[in-house]
>>> print(open('input31.cif').read())   # mmCIF, C-alpha atoms
data_coords
loop_
_atom_site.label_atom_id
_atom_site.label_comp_id
_atom_site.auth_asym_id
_atom_site.auth_seq_id
_atom_site.Cartn_x
_atom_site.Cartn_y
_atom_site.Cartn_z
CA MET A 3 -41.37 32.12 -58.53
CA SER A 4 -44.93 30.96 -58.14
CA PRO A 5 -46.42 27.51 -57.66
CA SER A 6 -47.52 25.80 -60.84
CA PRO A 7 -51.12 24.66 -61.42
CA ARG A 8 -52.13 21.63 -59.41
CA HIS A 9 -54.20 19.69 -61.94
CA GLY A 10 -53.50 15.99 -62.15
CA LYS A 11 -51.61 15.79 -58.86
CA ARG A 12 -54.06 13.86 -56.72
CA LEU A 13 -51.38 11.36 -55.60
CA GLY A 14 -48.69 13.99 -55.17
CA TYR A 15 -49.23 15.18 -51.64
CA PRO A 16 -49.43 11.73 -49.95
CA ALA A 17 -46.16 10.76 -51.62
CA ALA A 18 -44.56 14.04 -50.54
CA ALA A 19 -45.80 13.44 -46.99
CA ALA A 20 -44.21 9.96 -47.03
CA VAL A 21 -40.88 11.48 -48.11
CA PHE A 22 -41.20 14.04 -45.32
CA ALA A 23 -41.89 11.34 -42.70
CA ILE A 24 -38.97 9.13 -43.79
CA GLY A 25 -36.57 12.06 -43.71
CA MET A 26 -37.69 13.18 -40.26
CA ALA A 27 -37.55 9.64 -38.83
CA GLY A 28 -33.78 9.66 -39.27
CA THR A 29 -33.42 12.69 -37.01
CA THR A 30 -34.74 10.81 -33.93
CA LEU A 31 -33.47 7.33 -34.81
CA PRO A 32 -30.56 7.45 -32.28
CA THR A 33 -32.82 8.43 -29.33
CA PRO A 34 -33.16 5.01 -27.61
CA LEU A 35 -29.55 4.19 -28.48
CA TYR A 36 -27.86 6.98 -26.51
CA GLY A 37 -27.59 4.72 -23.44
CA LEU A 38 -25.65 2.17 -25.49
CA TYR A 39 -23.34 4.90 -26.79
CA ARG A 40 -22.81 6.13 -23.22
CA GLU A 41 -21.75 2.63 -22.12
CA GLU A 42 -19.48 2.23 -25.13
CA LEU A 43 -17.86 5.67 -25.11
CA GLY A 44 -18.28 6.67 -21.45
CA PHE A 45 -19.77 10.17 -21.57
CA SER A 46 -22.24 11.99 -19.28
CA GLU A 47 -25.91 12.89 -19.60
CA LEU A 48 -24.83 16.46 -20.36
CA MET A 49 -22.91 15.17 -23.37
CA VAL A 50 -26.04 13.30 -24.53
CA THR A 51 -27.96 16.58 -24.60
CA VAL A 52 -25.08 18.36 -26.35
CA VAL A 53 -24.93 15.65 -29.04
CA PHE A 54 -28.70 15.99 -29.41
CA ALA A 55 -28.54 19.80 -29.58
CA VAL A 56 -25.92 19.75 -32.36
CA TYR A 57 -28.76 18.50 -34.54
CA ALA A 58 -30.81 21.61 -33.73
CA LEU A 59 -27.83 23.84 -34.57
CA GLY A 60 -27.67 22.19 -37.99
CA VAL A 61 -31.39 22.78 -38.47
CA ILE A 62 -31.20 26.44 -37.50
CA ALA A 63 -28.09 27.13 -39.60
CA THR A 64 -29.75 25.56 -42.64
CA LEU A 65 -32.98 27.49 -42.15
CA LEU A 66 -31.10 30.78 -41.81
CA LEU A 67 -28.81 30.14 -44.80
CA ALA A 68 -31.17 28.27 -47.11
CA GLY A 69 -34.69 28.77 -45.79
CA ASN A 70 -35.80 30.19 -49.15
CA VAL A 71 -33.74 27.94 -51.41
CA SER A 72 -36.73 25.88 -52.58
CA ASP A 73 -38.58 29.08 -53.55
CA GLU A 74 -35.77 29.82 -56.01
CA THR A 75 -34.40 26.45 -57.17
CA GLY A 76 -37.52 24.30 -56.90
CA ARG A 77 -38.87 21.89 -54.32
CA ARG A 78 -37.60 18.58 -55.77
CA PRO A 79 -33.84 19.39 -55.78
CA VAL A 80 -34.03 20.54 -52.15
CA LEU A 81 -35.87 17.39 -51.09
CA LEU A 82 -33.25 15.23 -52.79
CA ALA A 83 -30.45 17.17 -51.10
CA ALA A 84 -32.15 16.67 -47.73
CA LEU A 85 -32.35 12.91 -48.31
CA GLY A 86 -28.66 12.95 -49.22
CA PHE A 87 -27.78 14.59 -45.90
CA SER A 88 -29.99 12.06 -44.10
CA ALA A 89 -28.17 9.17 -45.76
CA ALA A 90 -24.78 10.69 -44.87
CA SER A 91 -25.94 11.00 -41.25
CA ALA A 92 -26.95 7.34 -41.16
CA LEU A 93 -23.53 6.36 -42.51
CA CYS A 94 -21.79 8.35 -39.74
CA PHE A 95 -23.70 6.35 -37.12
CA LEU A 96 -23.29 3.12 -39.04
CA PHE A 97 -19.50 3.42 -39.03
CA GLU A 98 -19.39 5.22 -35.66
CA GLY A 99 -15.88 5.76 -34.33
CA GLY A 100 -16.39 7.92 -31.25
CA LEU A 101 -17.91 11.25 -30.29
CA PRO A 102 -16.72 13.12 -33.43
CA ALA A 103 -18.70 10.71 -35.61
CA LEU A 104 -21.79 11.18 -33.42
CA PHE A 105 -21.48 14.95 -33.67
CA ALA A 106 -21.03 14.76 -37.44
CA GLY A 107 -24.02 12.46 -37.80
CA ARG A 108 -26.25 14.73 -35.74
CA LEU A 109 -25.08 17.84 -37.62
CA LEU A 110 -25.82 16.23 -41.00
CA SER A 111 -29.19 15.13 -39.67
CA GLY A 112 -29.87 18.74 -38.73
CA PHE A 113 -29.04 19.86 -42.27
CA ALA A 114 -31.56 17.33 -43.59
CA ALA A 115 -34.29 18.43 -41.19
CA GLY A 116 -33.62 22.10 -41.91
CA LEU A 117 -34.18 21.60 -45.62
CA LEU A 118 -37.21 19.37 -45.08
CA SER A 119 -38.96 21.60 -42.54
CA GLY A 120 -39.65 24.40 -44.99
CA ALA A 121 -39.52 22.73 -48.40
CA ALA A 122 -41.42 19.53 -47.59
CA THR A 123 -44.15 21.33 -45.64
CA VAL A 124 -44.83 23.68 -48.56
CA THR A 125 -44.52 20.89 -51.15
CA VAL A 126 -47.22 18.80 -49.47
CA MET A 127 -49.55 21.80 -49.33
CA GLU A 128 -48.91 22.89 -52.92
CA LEU A 129 -49.56 19.41 -54.32
CA ALA A 130 -53.04 19.25 -52.80
CA PRO A 131 -55.85 19.30 -55.38
CA PRO A 132 -58.52 22.01 -55.01
CA GLY A 133 -60.72 21.38 -52.00
CA ARG A 134 -58.18 19.25 -50.15
CA GLU A 135 -55.93 21.94 -48.75
CA ALA A 136 -57.00 21.12 -45.18
CA ARG A 137 -56.13 17.44 -45.64
CA ALA A 138 -52.77 18.39 -47.09
CA GLY A 139 -52.06 20.67 -44.13
CA LEU A 140 -52.78 17.78 -41.78
CA ALA A 141 -50.66 15.44 -43.90
CA ALA A 142 -47.69 17.85 -43.73
CA THR A 143 -47.73 18.40 -39.99
CA ALA A 144 -48.59 14.74 -39.27
CA ALA A 145 -45.71 13.59 -41.49
CA ASN A 146 -43.37 15.82 -39.51
CA MET A 147 -44.46 14.58 -36.07
CA GLY A 148 -45.23 11.03 -37.22
CA GLY A 149 -41.79 10.68 -38.75
CA LEU A 150 -40.13 12.03 -35.61
CA GLY A 151 -42.06 9.50 -33.53
CA CYS A 152 -41.41 6.50 -35.76
CA GLY A 153 -37.63 6.97 -35.55
CA PRO A 154 -37.29 6.03 -31.83
CA LEU A 155 -39.89 3.27 -32.16
CA LEU A 156 -38.12 1.63 -35.09
CA ALA A 157 -34.68 1.92 -33.47
CA GLY A 158 -35.94 0.68 -30.09
CA LEU A 159 -37.61 -2.39 -31.55
CA LEU A 160 -34.62 -3.33 -33.70
CA ALA A 161 -32.10 -2.65 -30.92
CA GLU A 162 -34.03 -4.72 -28.37
CA TYR A 163 -35.17 -7.68 -30.46
CA ALA A 164 -32.73 -7.90 -33.39
CA PRO A 165 -28.95 -8.39 -33.58
CA ARG A 166 -26.43 -5.56 -33.92
CA PRO A 167 -28.42 -2.82 -32.12
CA LEU A 168 -26.09 -0.01 -33.23
CA THR A 169 -26.06 -1.10 -36.87
CA LEU A 170 -29.39 -2.52 -38.02
CA PRO A 171 -31.53 0.61 -37.32
CA PHE A 172 -29.38 2.71 -39.64
CA VAL A 173 -29.29 0.05 -42.36
CA ALA A 174 -33.08 -0.04 -42.26
CA HIS A 175 -33.27 3.74 -42.54
CA LEU A 176 -30.90 3.80 -45.51
CA ALA A 177 -33.29 1.42 -47.29
CA LEU A 178 -36.20 3.75 -46.53
CA ILE A 179 -34.21 6.74 -47.82
CA ALA A 180 -33.72 4.92 -51.13
CA VAL A 181 -37.50 4.50 -51.43
CA ALA A 182 -38.03 8.17 -50.54
CA ALA A 183 -35.52 9.26 -53.19
CA VAL A 184 -37.47 7.39 -55.88
CA LEU A 185 -40.73 8.97 -54.71
CA THR A 186 -39.13 12.42 -54.73
CA TRP A 187 -37.84 11.96 -58.26
CA LEU A 188 -41.40 11.16 -59.40
CA LEU A 189 -43.00 14.14 -57.64
CA PRO A 190 -44.20 17.00 -59.84
CA GLU A 191 -42.33 20.27 -59.44
CA THR A 192 -44.49 23.11 -58.12
CA VAL A 193 -42.10 26.03 -58.70
CA THR A 194 -42.22 27.12 -62.35
CA SER A 195 -39.81 30.06 -62.34
CA ARG A 196 -36.41 29.05 -60.99
CA VAL A 197 -32.97 30.64 -60.86
CA ARG A 198 -30.11 28.78 -62.54
CA ARG A 199 -27.49 29.66 -59.96
CA PHE A 200 -28.28 29.98 -56.29
CA ARG A 201 -25.86 31.42 -53.76
CA LEU A 202 -26.23 30.75 -50.08
CA HIS A 203 -26.38 33.92 -48.01
CA PRO A 204 -27.50 34.67 -44.45
CA GLN A 205 -31.11 35.83 -44.63
CA GLY A 206 -32.05 36.18 -40.98
CA LEU A 207 -35.62 35.52 -39.94
CA ALA A 208 -37.56 36.42 -43.08
CA VAL A 209 -41.02 37.35 -41.79
CA PRO A 210 -43.11 39.65 -44.03
CA PRO A 211 -44.71 42.58 -42.16
CA GLN A 212 -48.27 41.33 -42.74
CA VAL A 213 -47.47 38.05 -40.97
CA ARG A 214 -45.73 39.37 -37.84
CA GLY A 215 -48.87 39.76 -35.73
CA VAL A 216 -49.64 36.06 -36.24
CA PHE A 217 -46.02 34.93 -36.20
CA ALA A 218 -44.91 36.03 -32.72
CA PRO A 219 -47.48 34.21 -30.52
CA SER A 220 -47.54 31.21 -32.86
CA ALA A 221 -43.75 30.86 -32.71
CA LEU A 222 -43.70 31.13 -28.90
CA ALA A 223 -46.34 28.41 -28.66
CA ALA A 224 -44.19 26.25 -30.94
CA PHE A 225 -41.12 26.99 -28.77
CA ALA A 226 -42.92 25.70 -25.67
CA GLY A 227 -44.28 22.62 -27.44
CA PHE A 228 -40.97 21.72 -29.04
CA SER A 229 -39.27 22.08 -25.66
CA LEU A 230 -41.43 19.22 -24.42
CA LEU A 231 -40.58 17.17 -27.51
CA GLY A 232 -36.89 17.85 -26.94
CA LEU A 233 -37.11 16.69 -23.34
CA PHE A 234 -38.66 13.38 -24.34
CA THR A 235 -36.34 12.88 -27.29
CA ALA A 236 -33.10 13.56 -25.40
CA VAL A 237 -33.73 12.79 -21.73
CA ALA A 238 -36.79 10.52 -21.33
CA PRO A 239 -34.92 7.28 -22.19
CA ALA A 240 -32.36 8.05 -19.46
CA PHE A 241 -35.15 8.74 -16.96
CA VAL A 242 -36.87 5.47 -17.86
CA ALA A 243 -33.63 3.51 -17.40
CA GLU A 244 -32.02 5.27 -14.42
CA THR A 245 -35.00 6.39 -12.31
CA LEU A 246 -37.60 3.75 -13.19
CA ASP A 247 -35.03 0.95 -13.63
CA VAL A 248 -36.64 -0.15 -16.92
CA HIS A 249 -33.97 -1.17 -19.42
CA ASN A 250 -36.08 -2.30 -22.36
CA LEU A 251 -35.03 -0.20 -25.36
CA ALA A 252 -38.29 -0.93 -27.19
CA LEU A 253 -40.25 0.45 -24.24
CA ALA A 254 -38.06 3.55 -24.13
CA GLY A 255 -38.70 4.06 -27.84
CA LEU A 256 -42.43 3.53 -27.28
CA VAL A 257 -42.53 6.22 -24.56
CA VAL A 258 -40.92 8.71 -26.95
CA PHE A 259 -43.20 7.55 -29.77
CA SER A 260 -46.26 8.21 -27.61
CA VAL A 261 -45.61 11.95 -27.38
CA PHE A 262 -45.32 12.25 -31.17
CA LEU A 263 -48.35 10.00 -31.70
CA ALA A 264 -50.38 12.27 -29.44
CA SER A 265 -49.05 15.28 -31.34
CA THR A 266 -50.32 13.79 -34.59
CA ALA A 267 -53.70 13.16 -32.96
CA GLY A 268 -53.79 16.77 -31.76
CA GLN A 269 -53.16 17.97 -35.29
CA ALA A 270 -56.01 15.81 -36.57
CA LEU A 271 -58.35 17.33 -33.97
CA MET A 272 -57.71 20.88 -35.14
CA GLY A 273 -60.30 20.50 -37.88
CA ARG A 274 -62.97 20.05 -35.21
CA VAL A 275 -61.58 22.52 -32.73
CA GLY A 276 -60.97 25.25 -35.30
CA GLU A 277 -57.87 27.29 -35.99
CA ARG A 278 -58.81 30.16 -33.68
CA ARG A 279 -59.24 27.87 -30.66
CA ALA A 280 -56.47 25.38 -31.49
CA LEU A 281 -53.60 27.67 -30.56
CA PRO A 282 -54.77 28.79 -27.09
CA GLY A 283 -56.45 25.45 -26.36
CA GLY A 284 -53.32 23.56 -27.34
CA CYS A 285 -51.24 25.69 -24.95
CA PHE A 286 -53.58 24.91 -22.05
CA VAL A 287 -53.53 21.16 -22.79
CA LEU A 288 -49.73 21.39 -22.98
CA VAL A 289 -49.73 22.93 -19.50
CA ALA A 290 -51.73 19.96 -18.18
CA GLY A 291 -49.22 17.60 -19.79
CA LEU A 292 -46.31 19.39 -18.13
CA VAL A 293 -48.03 19.05 -14.75
CA LEU A 294 -48.30 15.28 -15.34
CA VAL A 295 -44.64 15.08 -16.39
CA ALA A 296 -43.62 16.90 -13.21
CA ALA A 297 -45.77 14.51 -11.15
CA SER A 298 -44.12 11.52 -12.83
CA LEU A 299 -40.69 12.88 -11.88
CA LEU A 300 -41.73 13.42 -8.27
CA LEU A 301 -43.38 10.00 -7.89
CA ALA A 302 -41.09 8.00 -10.22
CA SER A 303 -44.17 6.75 -12.07
CA LEU A 304 -44.04 5.34 -15.58
CA PRO A 305 -47.86 5.57 -16.08
CA LEU A 306 -47.78 9.27 -15.16
CA LEU A 307 -44.87 9.82 -17.55
CA VAL A 308 -46.82 8.21 -20.39
CA ALA A 309 -49.92 10.22 -19.45
CA GLY A 310 -47.83 13.40 -19.52
CA ALA A 311 -46.44 12.43 -22.91
CA LEU A 312 -49.92 11.83 -24.33
CA CYS A 313 -51.47 14.97 -22.84
CA GLY A 314 -48.50 17.21 -23.61
CA GLY A 315 -48.16 15.82 -27.13
CA LEU A 316 -51.87 16.38 -27.77
CA GLY A 317 -51.55 20.02 -26.73
CA GLN A 318 -48.37 20.49 -28.74
CA GLY A 319 -50.03 19.02 -31.83
CA LEU A 320 -53.09 21.26 -31.56
CA ALA A 321 -50.98 24.39 -31.13
CA PHE A 322 -48.43 23.36 -33.75
CA ARG A 323 -50.90 22.73 -36.55
CA GLY A 324 -52.82 25.85 -35.68
CA ALA A 325 -49.60 27.84 -35.86
CA VAL A 326 -48.47 26.35 -39.18
CA THR A 327 -51.91 26.91 -40.72
CA ALA A 328 -52.10 30.51 -39.52
CA ILE A 329 -48.58 31.41 -40.64
CA SER A 330 -48.62 29.66 -44.03
CA GLY A 331 -52.07 31.11 -44.76
CA ALA A 332 -51.02 34.65 -43.91
CA ALA A 333 -47.69 34.55 -45.81
CA PRO A 334 -47.56 35.62 -49.47
CA ALA A 335 -46.87 32.74 -51.87
CA GLU A 336 -43.45 34.00 -52.95
CA HIS A 337 -42.23 34.11 -49.33
CA ARG A 338 -44.14 31.15 -47.91
CA ALA A 339 -41.25 28.68 -47.60
CA ALA A 340 -38.97 31.33 -46.08
CA THR A 341 -41.65 32.33 -43.55
CA VAL A 342 -42.32 28.72 -42.56
CA SER A 343 -38.56 28.23 -42.22
CA ALA A 344 -38.34 31.22 -39.87
CA PHE A 345 -41.11 29.67 -37.78
CA PHE A 346 -39.13 26.44 -37.53
CA VAL A 347 -36.02 28.37 -36.42
CA VAL A 348 -37.88 29.47 -33.30
CA ALA A 349 -39.35 25.98 -32.82
CA TYR A 350 -35.93 24.32 -33.01
CA LEU A 351 -34.48 26.79 -30.55
CA GLY A 352 -37.10 25.33 -28.23
CA ILE A 353 -35.99 21.78 -28.93
CA SER A 354 -32.31 22.56 -28.23
CA LEU A 355 -31.59 25.29 -25.69
CA PRO A 356 -33.86 24.08 -22.84
CA VAL A 357 -32.66 20.49 -23.33
CA VAL A 358 -29.00 21.46 -22.99
CA GLY A 359 -30.02 23.39 -19.88
CA VAL A 360 -31.54 20.23 -18.46
CA GLY A 361 -28.33 18.32 -19.21
CA ALA A 362 -26.23 20.97 -17.45
CA LEU A 363 -28.53 21.10 -14.44
CA THR A 364 -28.34 17.31 -14.19
CA LEU A 365 -24.69 17.61 -13.12
CA TRP A 366 -25.65 19.71 -10.08
CA LEU A 367 -29.28 18.85 -9.29
CA GLY A 368 -29.64 15.33 -10.62
CA LEU A 369 -31.92 14.16 -13.42
CA ARG A 370 -35.17 14.42 -11.45
CA ASN A 371 -34.69 17.97 -10.12
CA ALA A 372 -33.40 19.20 -13.47
CA GLY A 373 -36.54 17.83 -15.10
CA LEU A 374 -38.75 19.53 -12.52
CA THR A 375 -37.01 22.87 -13.15
CA PHE A 376 -37.52 22.45 -16.88
CA ALA A 377 -41.20 21.55 -16.48
CA GLY A 378 -41.84 24.62 -14.32
CA CYS A 379 -40.19 27.05 -16.75
CA VAL A 380 -41.94 25.72 -19.86
CA LEU A 381 -45.25 25.56 -17.99
CA VAL A 382 -45.06 29.30 -17.22
CA LEU A 383 -44.27 30.10 -20.88
CA ALA A 384 -47.09 27.92 -22.26
CA LEU A 385 -49.60 29.32 -19.80
CA GLY A 386 -48.66 32.92 -20.63
CA VAL A 387 -48.91 32.36 -24.39
CA GLY A 388 -52.21 30.50 -23.97
CA LEU A 389 -53.74 33.35 -21.96
CA TYR A 390 -52.57 35.91 -24.55
CA LEU A 391 -53.99 33.89 -27.46
CA ALA A 392 -57.27 33.32 -25.60
CA ARG A 393 -57.76 37.09 -25.56
CA ARG A 394 -56.36 37.71 -29.06
CA PRO A 395 -56.92 34.60 -31.20
CA PRO A 396 -55.39 34.59 -34.71
CA ALA A 397 -57.59 35.73 -37.57
CA ARG A 398 -59.01 33.08 -39.87
CA THR A 399 -56.83 32.35 -42.93
#
>>> encode(input="input31.cif", output="structure tokens")
Amino acid sequence: MSPSPRHGKRLGYPAAAAVFAIGMAGTTLPTPLYGLYREELGFSELMVTVVFAVYALGVIATLLLAGNVSDETGRRPVLLAALGFSAASALCFLFEGGLPALFAGRLLSGFAAGLLSGAATVTVMELAPPGREARAGLAATAANMGGLGCGPLLAGLLAEYAPRPLTLPFVAHLALIAVAAVLTWLLPETVTSRVRRFRLHPQGLAVPPQVRGVFAPSALAAFAGFSLLGLFTAVAPAFVAETLDVHNLALAGLVVFSVFLASTAGQALMGRVGERRALPGGCFVLVAGLVLVAASLLLASLPLLVAGALCGGLGQGLAFRGAVTAISGAAPAEHRAATVSAFFVVAYLGISLPVVGVGALTLWLGLRNAGLTFAGCVLVLALGVGLYLARRPPART
């Protein structure tokens, strides 16, 4: 089960990155629309975070059950299956009939992201021609964050300035999925030895012994960074509308987009910063972003919230790409997708558990105080991991 030779695949990894971005965009598409669903169905902010977190449960379940499936069956079939789940999720929202449909849509979206996180990341890297591995690594992580950011922006713009705000965003995404399916069909397969019959079985967190020293601090840094992303994806639109009294859905989508845009920029900077400094440096920049987010909550300031999104996203991007590069470089080829999938399990725990905690605290403390509690807890974690990595930076891979 080894990757095939990469000759003649110069156009492969950009196309794979485009498929990755389109698939991930669907996972955040409902973000600026949750307020409309709340008005229509009448549920609380806690229920918004629970609906959001169901997505993360789908991701984690898929990574644990099928994190290594593309190592055994091939990359292309897994990518096509992920796009199928993404299309099914869009249809659930398109024909939404209450909370059960929202839960089903988010769960299916989680299945899609779980398959994409490991398989698409490795596919982009394996399709890189010799000498362009660094560009492919950037393309993979940027496609992940860029896709996540484009989802709220696309939905916010269509919901604010086009008719049928709860319909048109999902129709548009279905069209993009069709394009991605064609691209996936044309991608070269990088796994040459494949099993004919694959059986799903719980595999736990598959981390080879030689990777564990790199894996633990890298995964904790990802947990802290993804917690910030989860806060913006699930709660920031409500803060913009309820605390700042700004009800423009396009602006809410733009605020969420800004954190993912900054994350992509942080990933691009890693080439200059270097892998050994990206992880601890990213954690420290993330801490600064969390301070700005806390200040925006205290002062009810939209500019400070955007500044926190940009600073925090930059730090998350630096740390995230450094972590992915360190882990994928240290993992043996036959276990690379499974190891990357285990890394994403920890990351998606960060995007789900703290966010649900914020939703629960909102019922007792209010949105502002719940956000301040969240910012303080994640700040302590990011600072601790950053100090540890500053003393023990990961080895070059």
>>> resolve_selection(input="input31.cif", expression="the PyMOL selection byres ((chain A and resi 297) around 12)", output="count of residues only")
27
>>> axis_aligned_box(input="input31.cif", around="segment 329-333 of chain A", padding_each_side="6 Å", output="JSON")
{"center_x": -49.9, "center_y": 32.2, "center_z": -43.2, "size_x": 16.4, "size_y": 17.0, "size_z": 17.2}
>>> resolve_selection(input="input31.cif", expression="the PyMOL selection byres ((chain A and resi 188) around 12)", output="VMD selection string")
chain A and resid 11 13 to 15 17 to 18 21 78 to 79 81 to 82 181 to 187 189 to 191
>>> residues_around(input="input31.cif", residues="segment 238-252 of chain A", least_positions_apart="3", cutoff="7 Å", atoms="all atoms listed in the file", output="PyMOL selection string")
chain A and resi 34+155+158-159+161-162+233-235+255-256+302
>>> resolve_selection(input="input31.cif", expression="the PyMOL selection byres ((chain A and resi 345) around 12)", output="VMD selection string")
chain A and resid 61 to 62 65 to 66 69 116 119 to 120 123 206 to 210 213 to 214 216 to 225 228 322 325 to 330 333 338 to 344 346 to 352
>>> write_last_selection(input="input31.cif", atoms="C-alpha atoms", output="mmCIF file, in the coordinates of the input")
data_model
loop_
_atom_site.group_PDB
_atom_site.id
_atom_site.type_symbol
_atom_site.label_atom_id
_atom_site.label_comp_id
_atom_site.auth_asym_id
_atom_site.auth_seq_id
_atom_site.Cartn_x
_atom_site.Cartn_y
_atom_site.Cartn_z
ATOM 1 C CA VAL A 61 -31.390 22.780 -38.470
ATOM 2 C CA ILE A 62 -31.200 26.440 -37.500
ATOM 3 C CA LEU A 65 -32.980 27.490 -42.150
ATOM 4 C CA LEU A 66 -31.100 30.780 -41.810
ATOM 5 C CA GLY A 69 -34.690 28.770 -45.790
ATOM 6 C CA GLY A 116 -33.620 22.100 -41.910
ATOM 7 C CA SER A 119 -38.960 21.600 -42.540
ATOM 8 C CA GLY A 120 -39.650 24.400 -44.990
ATOM 9 C CA THR A 123 -44.150 21.330 -45.640
ATOM 10 C CA GLY A 206 -32.050 36.180 -40.980
ATOM 11 C CA LEU A 207 -35.620 35.520 -39.940
ATOM 12 C CA ALA A 208 -37.560 36.420 -43.080
ATOM 13 C CA VAL A 209 -41.020 37.350 -41.790
ATOM 14 C CA PRO A 210 -43.110 39.650 -44.030
ATOM 15 C CA VAL A 213 -47.470 38.050 -40.970
ATOM 16 C CA ARG A 214 -45.730 39.370 -37.840
ATOM 17 C CA VAL A 216 -49.640 36.060 -36.240
ATOM 18 C CA PHE A 217 -46.020 34.930 -36.200
ATOM 19 C CA ALA A 218 -44.910 36.030 -32.720
ATOM 20 C CA PRO A 219 -47.480 34.210 -30.520
ATOM 21 C CA SER A 220 -47.540 31.210 -32.860
ATOM 22 C CA ALA A 221 -43.750 30.860 -32.710
ATOM 23 C CA LEU A 222 -43.700 31.130 -28.900
ATOM 24 C CA ALA A 223 -46.340 28.410 -28.660
ATOM 25 C CA ALA A 224 -44.190 26.250 -30.940
ATOM 26 C CA PHE A 225 -41.120 26.990 -28.770
ATOM 27 C CA PHE A 228 -40.970 21.720 -29.040
ATOM 28 C CA PHE A 322 -48.430 23.360 -33.750
ATOM 29 C CA ALA A 325 -49.600 27.840 -35.860
ATOM 30 C CA VAL A 326 -48.470 26.350 -39.180
ATOM 31 C CA THR A 327 -51.910 26.910 -40.720
ATOM 32 C CA ALA A 328 -52.100 30.510 -39.520
ATOM 33 C CA ILE A 329 -48.580 31.410 -40.640
ATOM 34 C CA SER A 330 -48.620 29.660 -44.030
ATOM 35 C CA ALA A 333 -47.690 34.550 -45.810
ATOM 36 C CA ARG A 338 -44.140 31.150 -47.910
ATOM 37 C CA ALA A 339 -41.250 28.680 -47.600
ATOM 38 C CA ALA A 340 -38.970 31.330 -46.080
ATOM 39 C CA THR A 341 -41.650 32.330 -43.550
ATOM 40 C CA VAL A 342 -42.320 28.720 -42.560
ATOM 41 C CA SER A 343 -38.560 28.230 -42.220
ATOM 42 C CA ALA A 344 -38.340 31.220 -39.870
ATOM 43 C CA PHE A 346 -39.130 26.440 -37.530
ATOM 44 C CA VAL A 347 -36.020 28.370 -36.420
ATOM 45 C CA VAL A 348 -37.880 29.470 -33.300
ATOM 46 C CA ALA A 349 -39.350 25.980 -32.820
ATOM 47 C CA TYR A 350 -35.930 24.320 -33.010
ATOM 48 C CA LEU A 351 -34.480 26.790 -30.550
ATOM 49 C CA GLY A 352 -37.100 25.330 -28.230
#
>>> atom_distance(input="input31.cif", atom1="atom CA of Leu355 of chain A", atom2="atom CA of Leu383 of chain A")
14.4 Å
>>> atom_distance(input="input31.cif", atom1="atom CA of Leu281 of chain A", atom2="atom CA of Ala321 of chain A")
4.2 Å
>>> residues_near_point(input="input31.cif", point="(-28.4, 13.9, -33.1)", cutoff="7 Å", atoms="all atoms listed in the file", output="VMD selection string")
chain A and resid 29 32 53 to 57 107 to 109 111
>>> atom_distance(input="input31.cif", atom1="atom CA of Ser260 of chain A", atom2="atom CA of Glu277 of chain A")
23.9 Å
>>> closest_residue(input="input31.cif", among="A:Gly388, A:Pro167, A:Gly324, A:Gly317", to="Thr143 of chain A", atoms="only C-alpha atoms")
A:Gly324
>>> closest_residue(input="input31.cif", among="A:Pro16, A:Trp366, A:Leu156, A:Leu150", to="Phe262 of chain A", atoms="all atoms listed in the file")
A:Leu150
>>> closest_residue(input="input31.cif", among="A:Gly227, A:Pro171, A:Gly99, A:Gly283", to="Ala27 of chain A", atoms="all atoms listed in the file")
A:Pro171
>>> closest_residue(input="input31.cif", among="A:Gly151, A:Gly76, A:Gly60, A:Gly284", to="Leu110 of chain A", atoms="all atoms listed in the file")
A:Gly60
>>> residues_around(input="input31.cif", residues="Met127 of chain A", least_positions_apart="3", cutoff="10 Å", atoms="all atoms listed in the file", output="list of chain:residue names")
A:Gly14, A:Tyr15, A:Ala18, A:Ala19, A:Ala122, A:Thr123, A:Val124, A:Ala130, A:Pro131, A:Arg134, A:Glu135, A:Ala136, A:Arg137, A:Ala138, A:Gly139, A:Leu140, A:Ala141, A:Ala142, A:Ser330
>>> closest_residue(input="input31.cif", among="A:Ala174, A:Val193, A:Val71, A:Leu59", to="Ala157 of chain A", atoms="all atoms listed in the file")
A:Ala174
>>> residues_around(input="input31.cif", residues="Val360 of chain A", least_positions_apart="4", cutoff="9 Å", atoms="only C-alpha atoms", output="PyMOL selection string")
chain A and resi 48+51+233+237+355-356+364+369+372-373+375-376
>>> build_atoms(input="input31.cif", residues="segment 366-371 of chain A", atoms="N, CA and C atoms", output="PDB file, in the frame of the given file")
ATOM      1  N   TRP A 366     -25.590  19.118 -11.412  1.00  0.00           N
ATOM      2  CA  TRP A 366     -25.650  19.710 -10.080  1.00  0.00           C
ATOM      3  C   TRP A 366     -26.888  19.274  -9.290  1.00  0.00           C
ATOM      4  N   LEU A 367     -28.016  19.130  -9.986  1.00  0.00           N
ATOM      5  CA  LEU A 367     -29.280  18.850  -9.290  1.00  0.00           C
ATOM      6  C   LEU A 367     -29.730  17.410  -9.403  1.00  0.00           C
ATOM      7  N   GLY A 368     -29.149  16.672 -10.339  1.00  0.00           N
ATOM      8  CA  GLY A 368     -29.640  15.330 -10.620  1.00  0.00           C
ATOM      9  C   GLY A 368     -30.723  15.377 -11.684  1.00  0.00           C
ATOM     10  N   LEU A 369     -30.992  14.231 -12.300  1.00  0.00           N
ATOM     11  CA  LEU A 369     -31.920  14.160 -13.420  1.00  0.00           C
ATOM     12  C   LEU A 369     -33.333  14.582 -13.025  1.00  0.00           C
ATOM     13  N   ARG A 370     -33.794  14.131 -11.860  1.00  0.00           N
ATOM     14  CA  ARG A 370     -35.170  14.420 -11.450  1.00  0.00           C
ATOM     15  C   ARG A 370     -35.387  15.913 -11.209  1.00  0.00           C
ATOM     16  N   ASN A 371     -34.516  16.549 -10.423  1.00  0.00           N
ATOM     17  CA  ASN A 371     -34.690  17.970 -10.120  1.00  0.00           C
ATOM     18  C   ASN A 371     -34.490  18.851 -11.346  1.00  0.00           C
TER      19      ASN A 371
END
